[in-house]
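protein.cif follows; it contains mmCIF, N, CA and C atoms and all ligand atoms.
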data_my_file
#
loop_
_atom_site.label_atom_id
_atom_site.label_comp_id
_atom_site.auth_asym_id
_atom_site.auth_seq_id
_atom_site.Cartn_x
_atom_site.Cartn_y
_atom_site.Cartn_z
N MET O 1 -10.44 -4.88 -24.52
CA MET O 1 -10.95 -6.21 -24.20
C MET O 1 -12.36 -6.07 -23.62
N ALA O 2 -13.26 -6.93 -24.00
CA ALA O 2 -14.64 -6.85 -23.53
C ALA O 2 -14.69 -6.98 -22.01
N GLY O 3 -15.53 -6.18 -21.37
CA GLY O 3 -15.72 -6.27 -19.94
C GLY O 3 -14.78 -5.41 -19.12
N GLU O 4 -13.68 -4.91 -19.72
CA GLU O 4 -12.77 -4.05 -18.97
C GLU O 4 -13.29 -2.63 -18.94
N ARG O 5 -13.12 -2.00 -17.80
CA ARG O 5 -13.54 -0.61 -17.67
C ARG O 5 -12.37 0.29 -17.98
N ALA O 6 -12.67 1.44 -18.54
CA ALA O 6 -11.62 2.44 -18.75
C ALA O 6 -11.22 3.00 -17.39
N PRO O 7 -9.92 3.29 -17.19
CA PRO O 7 -9.49 3.87 -15.92
C PRO O 7 -10.25 5.17 -15.65
N ARG O 8 -10.56 5.38 -14.37
CA ARG O 8 -11.32 6.56 -13.99
C ARG O 8 -10.66 7.21 -12.79
N ALA O 9 -10.57 8.54 -12.81
CA ALA O 9 -9.95 9.29 -11.70
C ALA O 9 -11.01 9.60 -10.65
N HIS O 10 -10.62 9.41 -9.38
CA HIS O 10 -11.52 9.65 -8.25
C HIS O 10 -10.85 10.58 -7.25
N VAL O 11 -11.54 11.64 -6.85
CA VAL O 11 -11.03 12.48 -5.76
C VAL O 11 -11.29 11.73 -4.45
N VAL O 12 -10.22 11.59 -3.68
CA VAL O 12 -10.28 10.81 -2.44
C VAL O 12 -10.45 11.72 -1.22
N CYS O 13 -9.67 12.79 -1.18
CA CYS O 13 -9.72 13.74 -0.06
C CYS O 13 -8.89 14.95 -0.44
N ARG O 14 -8.89 15.96 0.42
CA ARG O 14 -7.97 17.08 0.21
C ARG O 14 -6.57 16.62 0.59
N ALA O 15 -5.57 17.15 -0.07
CA ALA O 15 -4.18 16.76 0.21
C ALA O 15 -3.81 17.05 1.66
N ASP O 16 -4.36 18.14 2.23
CA ASP O 16 -3.99 18.47 3.62
C ASP O 16 -4.68 17.55 4.63
N GLU O 17 -5.56 16.71 4.17
CA GLU O 17 -6.18 15.72 5.06
C GLU O 17 -5.37 14.42 5.12
N LEU O 18 -4.28 14.36 4.35
CA LEU O 18 -3.45 13.16 4.32
C LEU O 18 -1.99 13.56 4.53
N PRO O 19 -1.63 13.92 5.76
CA PRO O 19 -0.26 14.34 6.04
C PRO O 19 0.69 13.15 6.06
N PRO O 20 2.00 13.38 6.08
CA PRO O 20 2.96 12.26 6.20
C PRO O 20 2.60 11.37 7.39
N GLY O 21 2.60 10.07 7.13
CA GLY O 21 2.23 9.09 8.15
C GLY O 21 0.74 8.77 8.14
N GLY O 22 -0.03 9.51 7.34
CA GLY O 22 -1.48 9.32 7.33
C GLY O 22 -1.92 8.27 6.32
N ARG O 23 -3.14 7.84 6.49
CA ARG O 23 -3.76 6.92 5.52
C ARG O 23 -5.26 7.18 5.49
N VAL O 24 -5.85 6.92 4.33
CA VAL O 24 -7.31 6.94 4.21
C VAL O 24 -7.72 5.67 3.49
N LEU O 25 -8.87 5.16 3.86
CA LEU O 25 -9.45 4.01 3.18
C LEU O 25 -10.73 4.47 2.50
N VAL O 26 -10.87 4.16 1.24
CA VAL O 26 -12.04 4.60 0.48
C VAL O 26 -12.54 3.46 -0.39
N ASN O 27 -13.78 3.59 -0.79
CA ASN O 27 -14.36 2.63 -1.72
C ASN O 27 -14.53 3.34 -3.05
N LEU O 28 -13.86 2.82 -4.08
CA LEU O 28 -13.89 3.46 -5.40
C LEU O 28 -14.42 2.45 -6.41
N ASP O 29 -15.55 2.74 -6.98
CA ASP O 29 -16.15 1.83 -7.96
C ASP O 29 -16.22 0.39 -7.43
N GLY O 30 -16.55 0.25 -6.15
CA GLY O 30 -16.71 -1.07 -5.56
C GLY O 30 -15.42 -1.72 -5.09
N ARG O 31 -14.29 -1.00 -5.22
CA ARG O 31 -13.01 -1.53 -4.75
C ARG O 31 -12.54 -0.75 -3.54
N SER O 32 -12.14 -1.46 -2.50
CA SER O 32 -11.58 -0.81 -1.32
C SER O 32 -10.11 -0.49 -1.59
N VAL O 33 -9.75 0.77 -1.34
CA VAL O 33 -8.40 1.25 -1.65
C VAL O 33 -7.85 2.00 -0.43
N GLY O 34 -6.61 1.72 -0.10
CA GLY O 34 -5.91 2.46 0.94
C GLY O 34 -4.93 3.43 0.31
N VAL O 35 -4.97 4.69 0.76
CA VAL O 35 -4.02 5.68 0.26
C VAL O 35 -3.14 6.10 1.44
N PHE O 36 -1.83 6.04 1.24
CA PHE O 36 -0.85 6.28 2.30
C PHE O 36 0.05 7.45 1.92
N ASN O 37 0.39 8.24 2.91
CA ASN O 37 1.41 9.26 2.71
C ASN O 37 2.65 8.80 3.47
N ILE O 38 3.67 8.40 2.71
CA ILE O 38 4.92 7.92 3.29
C ILE O 38 6.00 8.95 2.99
N ASP O 39 6.40 9.67 4.01
CA ASP O 39 7.44 10.70 3.86
C ASP O 39 7.11 11.69 2.74
N GLY O 40 5.84 12.05 2.63
CA GLY O 40 5.44 13.04 1.65
C GLY O 40 5.09 12.48 0.28
N GLN O 41 5.29 11.18 0.07
CA GLN O 41 4.94 10.54 -1.20
C GLN O 41 3.64 9.74 -1.01
N LEU O 42 2.73 9.87 -1.97
CA LEU O 42 1.45 9.17 -1.86
C LEU O 42 1.52 7.83 -2.59
N HIS O 43 0.85 6.84 -2.00
CA HIS O 43 0.79 5.49 -2.57
C HIS O 43 -0.61 4.96 -2.36
N ALA O 44 -1.17 4.34 -3.39
CA ALA O 44 -2.51 3.76 -3.30
C ALA O 44 -2.42 2.26 -3.55
N LEU O 45 -2.99 1.49 -2.62
CA LEU O 45 -2.96 0.04 -2.71
C LEU O 45 -4.36 -0.53 -2.60
N HIS O 46 -4.60 -1.61 -3.32
CA HIS O 46 -5.86 -2.33 -3.19
C HIS O 46 -5.94 -2.93 -1.79
N ASN O 47 -7.05 -2.70 -1.13
CA ASN O 47 -7.23 -3.24 0.22
C ASN O 47 -7.69 -4.69 0.13
N ARG O 48 -6.89 -5.47 -0.58
CA ARG O 48 -7.20 -6.89 -0.78
C ARG O 48 -5.87 -7.62 -0.90
N CYS O 49 -5.52 -8.33 0.13
CA CYS O 49 -4.21 -8.97 0.18
C CYS O 49 -4.10 -10.09 -0.85
N PRO O 50 -2.98 -10.19 -1.57
CA PRO O 50 -2.82 -11.27 -2.55
C PRO O 50 -2.69 -12.64 -1.92
N HIS O 51 -2.51 -12.71 -0.60
CA HIS O 51 -2.42 -14.02 0.06
C HIS O 51 -3.80 -14.68 0.12
N ALA O 52 -4.73 -14.07 0.85
CA ALA O 52 -6.04 -14.69 1.02
C ALA O 52 -7.16 -13.65 1.04
N ALA O 53 -6.92 -12.54 0.31
CA ALA O 53 -7.93 -11.49 0.13
C ALA O 53 -8.29 -10.77 1.42
N GLY O 54 -7.38 -10.75 2.38
CA GLY O 54 -7.63 -10.04 3.63
C GLY O 54 -7.54 -8.53 3.46
N ALA O 55 -7.86 -7.85 4.55
CA ALA O 55 -7.89 -6.38 4.56
C ALA O 55 -6.47 -5.84 4.71
N LEU O 56 -5.72 -5.94 3.65
CA LEU O 56 -4.30 -5.56 3.68
C LEU O 56 -4.09 -4.16 4.25
N CYS O 57 -4.88 -3.20 3.81
CA CYS O 57 -4.62 -1.80 4.18
C CYS O 57 -5.09 -1.45 5.58
N MET O 58 -5.66 -2.40 6.29
CA MET O 58 -6.06 -2.17 7.67
C MET O 58 -4.92 -2.49 8.64
N GLY O 59 -3.85 -3.08 8.12
CA GLY O 59 -2.73 -3.49 8.96
C GLY O 59 -1.83 -2.32 9.32
N PRO O 60 -0.90 -2.56 10.24
CA PRO O 60 0.00 -1.49 10.67
C PRO O 60 1.05 -1.15 9.61
N VAL O 61 1.41 0.13 9.58
CA VAL O 61 2.57 0.58 8.80
C VAL O 61 3.76 0.49 9.75
N THR O 62 4.75 -0.23 9.34
CA THR O 62 5.83 -0.57 10.25
C THR O 62 7.13 -0.71 9.48
N GLY O 63 8.11 -1.35 10.08
CA GLY O 63 9.33 -1.74 9.39
C GLY O 63 9.42 -3.25 9.40
N THR O 64 10.60 -3.76 9.16
CA THR O 64 10.76 -5.20 9.17
C THR O 64 12.14 -5.55 9.71
N THR O 65 12.34 -6.82 9.98
CA THR O 65 13.67 -7.27 10.34
C THR O 65 14.28 -7.98 9.14
N ALA O 66 15.55 -7.73 8.90
CA ALA O 66 16.23 -8.33 7.76
C ALA O 66 17.64 -8.70 8.18
N PRO O 67 18.19 -9.73 7.54
CA PRO O 67 19.57 -10.10 7.86
C PRO O 67 20.53 -8.97 7.51
N THR O 68 21.59 -8.86 8.28
CA THR O 68 22.56 -7.79 8.04
C THR O 68 23.25 -7.96 6.68
N GLU O 69 23.34 -9.21 6.20
CA GLU O 69 23.82 -9.49 4.85
C GLU O 69 23.28 -10.86 4.46
N ALA O 70 23.35 -11.19 3.18
CA ALA O 70 22.79 -12.46 2.71
C ALA O 70 23.38 -13.62 3.50
N GLY O 71 22.49 -14.44 4.03
CA GLY O 71 22.92 -15.63 4.76
C GLY O 71 23.32 -15.37 6.21
N ALA O 72 23.29 -14.12 6.64
CA ALA O 72 23.73 -13.79 8.00
C ALA O 72 22.70 -14.27 9.02
N ARG O 73 23.17 -14.51 10.22
CA ARG O 73 22.28 -14.91 11.31
C ARG O 73 22.00 -13.76 12.26
N THR O 74 22.46 -12.58 11.89
CA THR O 74 22.14 -11.40 12.68
C THR O 74 21.18 -10.53 11.88
N PHE O 75 20.26 -9.89 12.59
CA PHE O 75 19.19 -9.15 11.94
C PHE O 75 19.13 -7.72 12.48
N VAL O 76 18.63 -6.84 11.63
CA VAL O 76 18.42 -5.45 12.05
C VAL O 76 17.00 -5.05 11.68
N TYR O 77 16.49 -4.08 12.42
CA TYR O 77 15.19 -3.50 12.09
C TYR O 77 15.43 -2.45 11.01
N THR O 78 14.69 -2.52 9.92
CA THR O 78 14.96 -1.64 8.78
C THR O 78 13.64 -1.24 8.10
N GLN O 79 13.71 -0.30 7.18
CA GLN O 79 12.58 0.19 6.40
C GLN O 79 11.43 0.68 7.30
N ALA O 80 11.78 1.31 8.40
CA ALA O 80 10.75 1.80 9.34
C ALA O 80 9.75 2.69 8.60
N ASN O 81 8.48 2.43 8.82
CA ASN O 81 7.36 3.20 8.24
C ASN O 81 7.25 3.07 6.72
N HIS O 82 7.82 2.02 6.14
CA HIS O 82 7.71 1.78 4.70
C HIS O 82 7.11 0.41 4.40
N ILE O 83 6.73 -0.32 5.45
CA ILE O 83 6.21 -1.67 5.29
C ILE O 83 4.77 -1.72 5.78
N LEU O 84 3.92 -2.35 5.00
CA LEU O 84 2.52 -2.57 5.41
C LEU O 84 2.38 -4.05 5.76
N ARG O 85 1.96 -4.31 7.00
CA ARG O 85 1.80 -5.69 7.46
C ARG O 85 0.31 -6.03 7.40
N CYS O 86 -0.03 -7.03 6.64
CA CYS O 86 -1.44 -7.38 6.43
C CYS O 86 -2.13 -7.65 7.77
N ALA O 87 -3.34 -7.14 7.87
CA ALA O 87 -4.09 -7.27 9.12
C ALA O 87 -4.51 -8.72 9.40
N TRP O 88 -4.49 -9.56 8.39
CA TRP O 88 -5.00 -10.92 8.61
C TRP O 88 -3.93 -11.89 9.09
N HIS O 89 -2.86 -12.10 8.34
CA HIS O 89 -1.86 -13.10 8.71
C HIS O 89 -0.45 -12.53 8.79
N GLY O 90 -0.31 -11.23 8.63
CA GLY O 90 0.97 -10.59 8.87
C GLY O 90 1.97 -10.59 7.74
N TRP O 91 1.57 -10.99 6.54
CA TRP O 91 2.52 -10.87 5.42
C TRP O 91 2.91 -9.39 5.29
N GLU O 92 4.16 -9.15 4.92
CA GLU O 92 4.67 -7.79 4.84
C GLU O 92 4.89 -7.38 3.38
N PHE O 93 4.53 -6.14 3.09
CA PHE O 93 4.63 -5.60 1.72
C PHE O 93 5.31 -4.23 1.77
N GLU O 94 6.20 -3.98 0.80
CA GLU O 94 6.76 -2.65 0.63
C GLU O 94 5.67 -1.76 0.07
N ILE O 95 5.38 -0.67 0.75
CA ILE O 95 4.30 0.20 0.29
C ILE O 95 4.65 0.82 -1.06
N GLU O 96 5.91 1.22 -1.25
CA GLU O 96 6.30 1.91 -2.49
C GLU O 96 6.22 1.02 -3.73
N SER O 97 6.45 -0.27 -3.58
CA SER O 97 6.49 -1.15 -4.75
C SER O 97 5.37 -2.18 -4.76
N GLY O 98 4.79 -2.46 -3.61
CA GLY O 98 3.81 -3.54 -3.49
C GLY O 98 4.45 -4.90 -3.30
N ARG O 99 5.77 -4.98 -3.33
CA ARG O 99 6.48 -6.26 -3.25
C ARG O 99 6.29 -6.93 -1.90
N CYS O 100 5.98 -8.22 -1.95
CA CYS O 100 5.86 -9.00 -0.72
C CYS O 100 7.26 -9.39 -0.27
N LEU O 101 7.58 -9.14 0.99
CA LEU O 101 8.94 -9.39 1.47
C LEU O 101 9.26 -10.87 1.56
N SER O 102 8.24 -11.71 1.75
CA SER O 102 8.52 -13.15 1.92
C SER O 102 8.45 -13.92 0.60
N ASP O 103 7.94 -13.29 -0.46
CA ASP O 103 7.86 -13.96 -1.76
C ASP O 103 7.91 -12.90 -2.85
N ASP O 104 9.04 -12.79 -3.50
CA ASP O 104 9.26 -11.73 -4.49
C ASP O 104 8.30 -11.81 -5.68
N ARG O 105 7.66 -12.96 -5.86
CA ARG O 105 6.73 -13.10 -7.00
C ARG O 105 5.37 -12.51 -6.70
N VAL O 106 5.13 -12.20 -5.44
CA VAL O 106 3.81 -11.71 -5.02
C VAL O 106 3.86 -10.19 -4.90
N ARG O 107 2.84 -9.54 -5.42
CA ARG O 107 2.74 -8.08 -5.36
C ARG O 107 1.34 -7.67 -4.90
N ALA O 108 1.29 -6.67 -4.03
CA ALA O 108 0.01 -6.02 -3.74
C ALA O 108 -0.30 -5.09 -4.90
N LYS O 109 -1.56 -5.05 -5.29
CA LYS O 109 -1.94 -4.21 -6.44
C LYS O 109 -1.88 -2.74 -6.04
N ARG O 110 -1.24 -1.96 -6.89
CA ARG O 110 -1.10 -0.51 -6.67
C ARG O 110 -1.90 0.24 -7.72
N PHE O 111 -2.31 1.44 -7.36
CA PHE O 111 -3.03 2.30 -8.28
C PHE O 111 -2.29 3.63 -8.39
N LYS O 112 -2.52 4.30 -9.51
CA LYS O 112 -1.92 5.62 -9.73
C LYS O 112 -2.57 6.63 -8.78
N VAL O 113 -1.75 7.43 -8.14
CA VAL O 113 -2.27 8.47 -7.24
C VAL O 113 -1.46 9.74 -7.45
N ALA O 114 -2.15 10.88 -7.40
CA ALA O 114 -1.50 12.17 -7.61
C ALA O 114 -2.27 13.24 -6.86
N VAL O 115 -1.65 14.39 -6.73
CA VAL O 115 -2.33 15.56 -6.18
C VAL O 115 -2.64 16.49 -7.33
N ASP O 116 -3.90 16.89 -7.45
CA ASP O 116 -4.34 17.78 -8.51
C ASP O 116 -5.18 18.89 -7.87
N GLN O 117 -4.67 20.11 -7.97
CA GLN O 117 -5.37 21.28 -7.42
C GLN O 117 -5.76 21.05 -5.95
N GLY O 118 -4.81 20.51 -5.19
CA GLY O 118 -5.02 20.34 -3.76
C GLY O 118 -5.86 19.13 -3.39
N GLN O 119 -6.22 18.31 -4.36
CA GLN O 119 -7.03 17.12 -4.10
C GLN O 119 -6.19 15.86 -4.39
N VAL O 120 -6.36 14.84 -3.53
CA VAL O 120 -5.72 13.55 -3.79
C VAL O 120 -6.61 12.79 -4.76
N VAL O 121 -6.02 12.37 -5.89
CA VAL O 121 -6.79 11.73 -6.95
C VAL O 121 -6.19 10.33 -7.21
N VAL O 122 -7.03 9.32 -7.13
CA VAL O 122 -6.61 7.95 -7.41
C VAL O 122 -7.31 7.50 -8.70
N THR O 123 -6.53 6.87 -9.58
CA THR O 123 -7.08 6.38 -10.84
C THR O 123 -7.10 4.87 -10.79
N ILE O 124 -8.29 4.32 -10.98
CA ILE O 124 -8.41 2.85 -11.00
C ILE O 124 -9.16 2.42 -12.26
S1 LIG O 201 -4.70 -12.37 3.83
FE1 LIG O 201 -3.01 -11.04 4.04
S2 LIG O 201 -1.47 -12.23 4.93
FE2 LIG O 201 -3.14 -13.58 4.70
#

Translate the structure described by the file into structure tokens.
Amino acid sequence: MAGERAPRAHVVCRADELPPGGRVLVNLDGRSVGVFNIDGQLHALHNRCPHAAGALCMGPVTGTTAPTEAGARTFVYTQANHILRCAWHGWEFEIESGRCLSDDRVRAKRFKVAVDQGQVVVTI
């Protein structure tokens, strides 16, 4: 399609600079991208919240509260360190899927990320 760029791989950092629990924010071809290491798995998300274009990747990595079962009035803290809470208005997203917890139709944009020869590489 006219105007679309071919995907391009970008070295973001050395893999040992992004340990479990770590994150880096980088600018790749004019796009701000957050790369997260969650329990040894890397995830790259666009630092642009689908709600109102806020700095999604600047928010805390946390968990969330969820009902103990559908329709229940009791809640538990769950998914610790797997939820990204947007820095602007607090919408919560699963880092692994990009899914917005409050609206299943909304997704944070994800990018392909891998380790190649000791380097973290994001393709956008
Ligand atoms: S811009 Fe992210 S929750 Fe509003």

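With all atoms listed in the file as the atoms that count, the minimum distance from Met58 in chain O to the choices O:Ala87, O:Cys13, O:Ala108, O:Leu18 is reached by O:Ala87.
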
In terms of all atoms listed in the file, the residue from O:Val12, O:Val61, O:Leu84, O:Val24 at minimal distance from Glu96 in chain O is O:Leu84

Point-to-point distance in Å for CA of Leu42 in chain O and atom N of Thr78 in chain O: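 Here the two named atoms are 21.2 Å from each other.
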
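Comparing the minimum interatomic distances between ligand LIG 201 (chain O) and each of O:Thr65, O:Gln79, O:Asn47, O:Thr123, counting only C-alpha atoms and all ligand atoms, we find that O:Asn47 sits nearest.
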
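Distance annotation: of O:Val76, O:Ala55, O:Val26, O:Val121, the residue with the minimal separation from ligand LIG 201 (chain O) is O:Ala55; atom set is only N, CA and C atoms and all ligand atoms.
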
Report as a tab-separated table the residues of chain O within 6 Å of ligand LIG 201 (chain O), each with its shortest atom pair and distance in Å (one decimal), using all atoms listed in the file, ordered by chain and increasing residue number.
residue	atom	partner	partner_atom	distance
O:Cys49	CA	O:LIG201	FE1	4.5
O:Pro50	N	O:LIG201	FE1	5.7
O:His51	C	O:LIG201	S1	4.5
O:Ala52	N	O:LIG201	S1	3.4
O:Ala53	N	O:LIG201	S1	4.2
O:Gly54	N	O:LIG201	S1	3.5
O:Ala55	N	O:LIG201	S1	5.6
O:Leu56	CA	O:LIG201	FE1	5.6
O:Cys86	CA	O:LIG201	FE1	4.6
O:Ala87	N	O:LIG201	FE1	5.5
O:Trp88	C	O:LIG201	FE2	4.8
O:His89	N	O:LIG201	S2	3.7
O:Gly90	N	O:LIG201	S2	4.0
O:Trp91	N	O:LIG201	S2	3.7

Quick one: write out the picked residues with N, CA and C atoms as a PDB file, in the frame of the given file?
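Wrote it out as selection.pdb, contents follow:
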ATOM      1  N   CYS O  49      -5.520  -8.330   0.130  1.00  0.00           N
ATOM      2  CA  CYS O  49      -4.210  -8.970   0.180  1.00  0.00           C
ATOM      3  C   CYS O  49      -4.100 -10.090  -0.850  1.00  0.00           C
ATOM      4  N   PRO O  50      -2.980 -10.190  -1.570  1.00  0.00           N
ATOM      5  CA  PRO O  50      -2.820 -11.270  -2.550  1.00  0.00           C
ATOM      6  C   PRO O  50      -2.690 -12.640  -1.920  1.00  0.00           C
ATOM      7  N   HIS O  51      -2.510 -12.710  -0.600  1.00  0.00           N
ATOM      8  CA  HIS O  51      -2.420 -14.020   0.060  1.00  0.00           C
ATOM      9  C   HIS O  51      -3.800 -14.680   0.120  1.00  0.00           C
ATOM     10  N   ALA O  52      -4.730 -14.070   0.850  1.00  0.00           N
ATOM     11  CA  ALA O  52      -6.040 -14.690   1.020  1.00  0.00           C
ATOM     12  C   ALA O  52      -7.160 -13.650   1.040  1.00  0.00           C
ATOM     13  N   ALA O  53      -6.920 -12.540   0.310  1.00  0.00           N
ATOM     14  CA  ALA O  53      -7.930 -11.490   0.130  1.00  0.00           C
ATOM     15  C   ALA O  53      -8.290 -10.770   1.420  1.00  0.00           C
ATOM     16  N   GLY O  54      -7.380 -10.750   2.380  1.00  0.00           N
ATOM     17  CA  GLY O  54      -7.630 -10.040   3.630  1.00  0.00           C
ATOM     18  C   GLY O  54      -7.540  -8.530   3.460  1.00  0.00           C
ATOM     19  N   ALA O  55      -7.860  -7.850   4.550  1.00  0.00           N
ATOM     20  CA  ALA O  55      -7.890  -6.380   4.560  1.00  0.00           C
ATOM     21  C   ALA O  55      -6.470  -5.840   4.710  1.00  0.00           C
ATOM     22  N   LEU O  56      -5.720  -5.940   3.650  1.00  0.00           N
ATOM     23  CA  LEU O  56      -4.300  -5.560   3.680  1.00  0.00           C
ATOM     24  C   LEU O  56      -4.090  -4.160   4.250  1.00  0.00           C
ATOM     25  N   CYS O  86      -0.030  -7.030   6.640  1.00  0.00           N
ATOM     26  CA  CYS O  86      -1.440  -7.380   6.430  1.00  0.00           C
ATOM     27  C   CYS O  86      -2.130  -7.650   7.770  1.00  0.00           C
ATOM     28  N   ALA O  87      -3.340  -7.140   7.870  1.00  0.00           N
ATOM     29  CA  ALA O  87      -4.090  -7.270   9.120  1.00  0.00           C
ATOM     30  C   ALA O  87      -4.510  -8.720   9.400  1.00  0.00           C
ATOM     31  N   TRP O  88      -4.490  -9.560   8.390  1.00  0.00           N
ATOM     32  CA  TRP O  88      -5.000 -10.920   8.610  1.00  0.00           C
ATOM     33  C   TRP O  88      -3.930 -11.890   9.090  1.00  0.00           C
ATOM     34  N   HIS O  89      -2.860 -12.100   8.340  1.00  0.00           N
ATOM     35  CA  HIS O  89      -1.860 -13.100   8.710  1.00  0.00           C
ATOM     36  C   HIS O  89      -0.450 -12.530   8.790  1.00  0.00           C
ATOM     37  N   GLY O  90      -0.310 -11.230   8.630  1.00  0.00           N
ATOM     38  CA  GLY O  90       0.970 -10.590   8.870  1.00  0.00           C
ATOM     39  C   GLY O  90       1.970 -10.590   7.740  1.00  0.00           C
ATOM     40  N   TRP O  91       1.570 -10.990   6.540  1.00  0.00           N
ATOM     41  CA  TRP O  91       2.520 -10.870   5.420  1.00  0.00           C
ATOM     42  C   TRP O  91       2.910  -9.390   5.290  1.00  0.00           C
TER      43      TRP O  91
END

If I take atom N of Glu17 in chain O and CA of Glu92 in chain O, how far is one from the other in Å, to one decimal? 26.6 Å

Take CA of Asp104 in chain O and CA of Ile124 in chain O and report the distance between them in Å, one decimal.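 Atom-to-atom, CA of Asp104 in chain O and CA of Ile124 in chain O are spaced 23.8 Å apart.
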